[in-house]
$ cat entry05.cif   # mmCIF, C-alpha atoms
data_data
loop_
_atom_site.group_PDB
_atom_site.id
_atom_site.type_symbol
_atom_site.label_atom_id
_atom_site.label_comp_id
_atom_site.auth_asym_id
_atom_site.auth_seq_id
_atom_site.Cartn_x
_atom_site.Cartn_y
_atom_site.Cartn_z
ATOM 1 C CA MET A 1 90.605 120.172 79.396
ATOM 2 C CA THR A 2 90.526 117.406 82.001
ATOM 3 C CA GLY A 3 93.160 117.167 84.723
ATOM 4 C CA THR A 4 94.140 113.890 86.277
ATOM 5 C CA GLN A 5 95.978 113.429 89.555
ATOM 6 C CA PHE A 6 96.775 110.093 91.085
ATOM 7 C CA ASN A 7 99.138 108.586 93.621
ATOM 8 C CA VAL A 8 101.078 105.337 93.157
ATOM 9 C CA ARG A 9 102.671 103.650 96.170
ATOM 10 C CA GLU A 10 104.386 100.307 96.646
ATOM 11 C CA ASN A 11 102.907 98.563 99.660
ATOM 12 C CA SER A 12 104.682 96.434 102.259
ATOM 13 C CA SER A 13 103.829 93.163 100.484
ATOM 14 C CA GLY A 14 105.441 94.294 97.215
ATOM 15 C CA GLY A 15 102.173 95.178 95.540
ATOM 16 C CA VAL A 16 101.118 98.590 94.273
ATOM 17 C CA GLU A 17 98.315 100.930 95.325
ATOM 18 C CA VAL A 18 96.879 103.441 92.852
ATOM 19 C CA THR A 19 94.680 106.173 94.327
ATOM 20 C CA VAL A 20 92.807 108.655 92.121
ATOM 21 C CA LEU A 21 92.705 112.227 93.413
ATOM 22 C CA GLU A 22 91.255 113.953 90.352
ATOM 23 C CA GLY A 23 89.967 112.737 86.976
ATOM 24 C CA THR A 24 89.997 109.063 85.984
ATOM 25 C CA VAL A 25 92.713 106.434 85.625
ATOM 26 C CA GLN A 26 92.558 103.012 84.002
ATOM 27 C CA VAL A 27 94.346 100.243 85.903
ATOM 28 C CA ARG A 28 95.094 96.693 84.804
ATOM 29 C CA PRO A 29 97.001 93.888 86.573
ATOM 30 C CA ALA A 30 100.246 92.980 84.770
ATOM 31 C CA ALA A 31 99.382 89.284 84.584
ATOM 32 C CA GLY A 32 96.274 87.682 83.169
ATOM 33 C CA GLY A 33 95.476 90.069 80.327
ATOM 34 C CA ALA A 34 92.418 91.479 82.086
ATOM 35 C CA ALA A 35 90.677 94.509 80.613
ATOM 36 C CA PRO A 36 91.561 97.869 82.204
ATOM 37 C CA THR A 37 89.402 98.956 85.130
ATOM 38 C CA PRO A 38 88.510 102.668 85.301
ATOM 39 C CA LEU A 39 88.970 104.368 88.665
ATOM 40 C CA THR A 40 87.438 107.721 89.586
ATOM 41 C CA ILE A 41 88.037 110.294 92.321
ATOM 42 C CA GLY A 42 88.499 108.672 95.717
ATOM 43 C CA GLU A 43 88.927 105.133 94.422
ATOM 44 C CA GLN A 44 91.963 103.026 95.190
ATOM 45 C CA ALA A 45 93.129 99.843 93.470
ATOM 46 C CA ALA A 46 95.504 97.504 95.289
ATOM 47 C CA LEU A 47 97.395 95.281 92.860
ATOM 48 C CA GLY A 48 99.379 92.296 94.045
ATOM 49 C CA ALA A 49 100.063 88.634 93.503
ATOM 50 C CA GLU A 50 96.409 87.839 94.256
ATOM 51 C CA GLY A 51 95.093 90.206 91.592
ATOM 52 C CA MET A 52 93.402 93.581 91.928
ATOM 53 C CA ARG A 53 91.126 94.820 94.709
ATOM 54 C CA ASN A 54 89.268 98.149 94.436
ATOM 55 C CA ARG A 55 87.708 100.251 97.171
ATOM 56 C CA MET A 56 86.298 103.732 97.694
ATOM 57 C CA LEU A 57 88.246 105.826 100.216
ATOM 58 C CA SER A 58 86.747 108.357 102.587
ATOM 59 C CA PRO A 59 88.041 111.934 102.319
ATOM 60 C CA ASP A 60 90.163 111.349 105.473
ATOM 61 C CA GLU A 61 91.683 108.179 104.005
ATOM 62 C CA THR A 62 92.466 110.002 100.762
ATOM 63 C CA GLN A 63 94.237 112.775 102.680
ATOM 64 C CA ASN A 64 96.297 110.179 104.541
ATOM 65 C CA VAL A 65 97.415 108.641 101.240
ATOM 66 C CA ILE A 66 98.898 111.962 100.115
ATOM 67 C CA ALA A 67 100.307 113.049 103.501
ATOM 68 C CA TRP A 68 103.810 112.351 102.134
ATOM 69 C CA ARG A 69 103.472 115.450 99.944
ATOM 70 C CA VAL A 70 103.854 117.606 103.055
ATOM 71 C CA GLY A 71 106.483 115.406 104.716
ATOM 72 C CA GLN A 72 104.088 113.394 106.855
ATOM 73 C CA ALA A 73 103.000 109.802 107.165
ATOM 74 C CA ALA A 74 99.510 108.926 108.358
ATOM 75 C CA PHE A 75 98.275 105.583 109.597
ATOM 76 C CA GLN A 76 94.799 104.487 110.565
ATOM 77 C CA ASP A 77 94.687 101.420 112.734
ATOM 78 C CA ALA A 78 97.628 99.859 110.843
ATOM 79 C CA PRO A 79 99.930 97.173 112.293
ATOM 80 C CA LEU A 80 103.255 98.594 113.487
ATOM 81 C CA ALA A 81 105.026 96.179 111.085
ATOM 82 C CA GLU A 82 103.240 97.863 108.150
ATOM 83 C CA ALA A 83 104.153 101.349 109.396
ATOM 84 C CA LEU A 84 107.819 100.366 109.776
ATOM 85 C CA ALA A 85 107.848 98.847 106.279
ATOM 86 C CA ARG A 86 106.639 102.191 104.875
ATOM 87 C CA PHE A 87 109.673 103.948 106.392
ATOM 88 C CA ALA A 88 112.244 101.292 105.420
ATOM 89 C CA PRO A 89 113.085 102.696 101.947
ATOM 90 C CA TYR A 90 114.012 106.054 103.482
ATOM 91 C CA HIS A 91 116.791 104.995 105.844
ATOM 92 C CA ALA A 92 119.850 102.749 105.780
ATOM 93 C CA GLY A 93 119.263 101.126 109.165
ATOM 94 C CA THR A 94 116.937 98.308 110.081
ATOM 95 C CA ILE A 95 114.283 98.559 112.760
ATOM 96 C CA THR A 96 113.152 95.309 114.301
ATOM 97 C CA VAL A 97 110.441 94.696 116.857
ATOM 98 C CA SER A 98 109.056 91.608 118.525
ATOM 99 C CA PRO A 99 106.167 89.829 116.790
ATOM 100 C CA GLU A 100 103.890 91.001 119.595
ATOM 101 C CA ALA A 101 104.845 94.654 119.056
ATOM 102 C CA ALA A 102 104.655 94.274 115.252
ATOM 103 C CA ALA A 103 100.996 93.298 115.600
ATOM 104 C CA ILE A 104 100.034 96.400 117.625
ATOM 105 C CA ASN A 105 97.947 98.812 115.571
ATOM 106 C CA VAL A 106 99.088 102.429 115.324
ATOM 107 C CA GLY A 107 97.275 105.579 114.252
ATOM 108 C CA ARG A 108 93.793 106.611 114.986
ATOM 109 C CA ALA A 109 90.834 104.610 113.773
ATOM 110 C CA LEU A 110 88.381 106.602 111.668
ATOM 111 C CA GLN A 111 85.157 107.550 113.335
ATOM 112 C CA SER A 112 82.038 106.737 111.363
ATOM 113 C CA ARG A 113 80.064 109.843 110.465
#
$ encode --input "entry05.cif" --output "structure tokens"
Amino acid sequence: MTGTQFNVRENSSGGVEVTVLEGTVQVRPAAGGAAPTPLTIGEQAALGAEGMRNRMLSPDETQNVIAWRVGQAAFQDAPLAEALARFAPYHAGTITVSPEAAAINVGRALQSR
């Protein structure tokens, strides 16, 4: 028996990210009729208006993707505007910041090993 675990998250630009935690998942963009692309453990596909982009995540990046499961949010060198957009669906208010502040990166950058 094969188990499959994956995470699906809408990103701030209205696209979707699919991250595979265990097993394999086949992903295909809605438009264009492209063949499905298989993803394996640690791979992430970002699907948006521009198509699909795949990348391999480090173990730290993968843990940050699923931080929500324990009530946390993790950011790695992400613009403040992106971080705020991730919280927007969870509250009724609106948080606004200046364009200068929105461009400031938050979270720790990953150290290369």
$ atom_distance --input "entry05.cif" --atom1 "atom CA of A:Ala85" --atom2 "atom CA of A:Arg53"
20.7 Å
$ atom_distance --input "entry05.cif" --atom1 "atom CA of A:Asp60" --atom2 "atom CA of A:Gln26"
23.2 Å
$ closest_residue --input "entry05.cif" --among "A:Ala46, A:Ala35, A:Ala88, A:Met52" --to "A:Val8" --atoms "all atoms listed in the file"
A:Ala46
$ resolve_selection --input "entry05.cif" --expression "the PyMOL selection byres ((chain A and resi 17-25) around 12)" --output "PDB file with C-alpha atoms, in the coordinates of the input"
ATOM      1  CA  MET A   1      90.605 120.172  79.396  1.00  0.00           C
ATOM      2  CA  THR A   2      90.526 117.406  82.001  1.00  0.00           C
ATOM      3  CA  GLY A   3      93.160 117.167  84.723  1.00  0.00           C
ATOM      4  CA  THR A   4      94.140 113.890  86.277  1.00  0.00           C
ATOM      5  CA  GLN A   5      95.978 113.429  89.555  1.00  0.00           C
ATOM      6  CA  PHE A   6      96.775 110.093  91.085  1.00  0.00           C
ATOM      7  CA  ASN A   7      99.138 108.586  93.621  1.00  0.00           C
ATOM      8  CA  VAL A   8     101.078 105.337  93.157  1.00  0.00           C
ATOM      9  CA  ARG A   9     102.671 103.650  96.170  1.00  0.00           C
ATOM     10  CA  GLU A  10     104.386 100.307  96.646  1.00  0.00           C
ATOM     11  CA  ASN A  11     102.907  98.563  99.660  1.00  0.00           C
ATOM     12  CA  SER A  12     104.682  96.434 102.259  1.00  0.00           C
ATOM     13  CA  SER A  13     103.829  93.163 100.484  1.00  0.00           C
ATOM     14  CA  GLY A  14     105.441  94.294  97.215  1.00  0.00           C
ATOM     15  CA  GLY A  15     102.173  95.178  95.540  1.00  0.00           C
ATOM     16  CA  VAL A  16     101.118  98.590  94.273  1.00  0.00           C
ATOM     17  CA  GLN A  26      92.558 103.012  84.002  1.00  0.00           C
ATOM     18  CA  VAL A  27      94.346 100.243  85.903  1.00  0.00           C
ATOM     19  CA  ARG A  28      95.094  96.693  84.804  1.00  0.00           C
ATOM     20  CA  PRO A  29      97.001  93.888  86.573  1.00  0.00           C
ATOM     21  CA  PRO A  36      91.561  97.869  82.204  1.00  0.00           C
ATOM     22  CA  THR A  37      89.402  98.956  85.130  1.00  0.00           C
ATOM     23  CA  PRO A  38      88.510 102.668  85.301  1.00  0.00           C
ATOM     24  CA  LEU A  39      88.970 104.368  88.665  1.00  0.00           C
ATOM     25  CA  THR A  40      87.438 107.721  89.586  1.00  0.00           C
ATOM     26  CA  ILE A  41      88.037 110.294  92.321  1.00  0.00           C
ATOM     27  CA  GLY A  42      88.499 108.672  95.717  1.00  0.00           C
ATOM     28  CA  GLU A  43      88.927 105.133  94.422  1.00  0.00           C
ATOM     29  CA  GLN A  44      91.963 103.026  95.190  1.00  0.00           C
ATOM     30  CA  ALA A  45      93.129  99.843  93.470  1.00  0.00           C
ATOM     31  CA  ALA A  46      95.504  97.504  95.289  1.00  0.00           C
ATOM     32  CA  LEU A  47      97.395  95.281  92.860  1.00  0.00           C
ATOM     33  CA  GLY A  48      99.379  92.296  94.045  1.00  0.00           C
ATOM     34  CA  GLY A  51      95.093  90.206  91.592  1.00  0.00           C
ATOM     35  CA  MET A  52      93.402  93.581  91.928  1.00  0.00           C
ATOM     36  CA  ARG A  53      91.126  94.820  94.709  1.00  0.00           C
ATOM     37  CA  ASN A  54      89.268  98.149  94.436  1.00  0.00           C
ATOM     38  CA  ARG A  55      87.708 100.251  97.171  1.00  0.00           C
ATOM     39  CA  MET A  56      86.298 103.732  97.694  1.00  0.00           C
ATOM     40  CA  LEU A  57      88.246 105.826 100.216  1.00  0.00           C
ATOM     41  CA  SER A  58      86.747 108.357 102.587  1.00  0.00           C
ATOM     42  CA  PRO A  59      88.041 111.934 102.319  1.00  0.00           C
ATOM     43  CA  GLU A  61      91.683 108.179 104.005  1.00  0.00           C
ATOM     44  CA  THR A  62      92.466 110.002 100.762  1.00  0.00           C
ATOM     45  CA  GLN A  63      94.237 112.775 102.680  1.00  0.00           C
ATOM     46  CA  ASN A  64      96.297 110.179 104.541  1.00  0.00           C
ATOM     47  CA  VAL A  65      97.415 108.641 101.240  1.00  0.00           C
ATOM     48  CA  ILE A  66      98.898 111.962 100.115  1.00  0.00           C
TER      49      ILE A  66
END
$ resolve_selection --input "entry05.cif" --expression "the PyMOL selection byres ((chain A and resi 80) around 12)" --output "PDB file with C-alpha atoms, in the coordinates of the input"
ATOM      1  CA  SER A  12     104.682  96.434 102.259  1.00  0.00           C
ATOM      2  CA  PHE A  75      98.275 105.583 109.597  1.00  0.00           C
ATOM      3  CA  GLN A  76      94.799 104.487 110.565  1.00  0.00           C
ATOM      4  CA  ASP A  77      94.687 101.420 112.734  1.00  0.00           C
ATOM      5  CA  ALA A  78      97.628  99.859 110.843  1.00  0.00           C
ATOM      6  CA  PRO A  79      99.930  97.173 112.293  1.00  0.00           C
ATOM      7  CA  ALA A  81     105.026  96.179 111.085  1.00  0.00           C
ATOM      8  CA  GLU A  82     103.240  97.863 108.150  1.00  0.00           C
ATOM      9  CA  ALA A  83     104.153 101.349 109.396  1.00  0.00           C
ATOM     10  CA  LEU A  84     107.819 100.366 109.776  1.00  0.00           C
ATOM     11  CA  ALA A  85     107.848  98.847 106.279  1.00  0.00           C
ATOM     12  CA  ARG A  86     106.639 102.191 104.875  1.00  0.00           C
ATOM     13  CA  PHE A  87     109.673 103.948 106.392  1.00  0.00           C
ATOM     14  CA  ILE A  95     114.283  98.559 112.760  1.00  0.00           C
ATOM     15  CA  THR A  96     113.152  95.309 114.301  1.00  0.00           C
ATOM     16  CA  VAL A  97     110.441  94.696 116.857  1.00  0.00           C
ATOM     17  CA  SER A  98     109.056  91.608 118.525  1.00  0.00           C
ATOM     18  CA  PRO A  99     106.167  89.829 116.790  1.00  0.00           C
ATOM     19  CA  GLU A 100     103.890  91.001 119.595  1.00  0.00           C
ATOM     20  CA  ALA A 101     104.845  94.654 119.056  1.00  0.00           C
ATOM     21  CA  ALA A 102     104.655  94.274 115.252  1.00  0.00           C
ATOM     22  CA  ALA A 103     100.996  93.298 115.600  1.00  0.00           C
ATOM     23  CA  ILE A 104     100.034  96.400 117.625  1.00  0.00           C
ATOM     24  CA  ASN A 105      97.947  98.812 115.571  1.00  0.00           C
ATOM     25  CA  VAL A 106      99.088 102.429 115.324  1.00  0.00           C
ATOM     26  CA  GLY A 107      97.275 105.579 114.252  1.00  0.00           C
TER      27      GLY A 107
END
$ atom_distance --input "entry05.cif" --atom1 "atom CA of A:Trp68" --atom2 "atom CA of A:Ala92"
19.0 Å
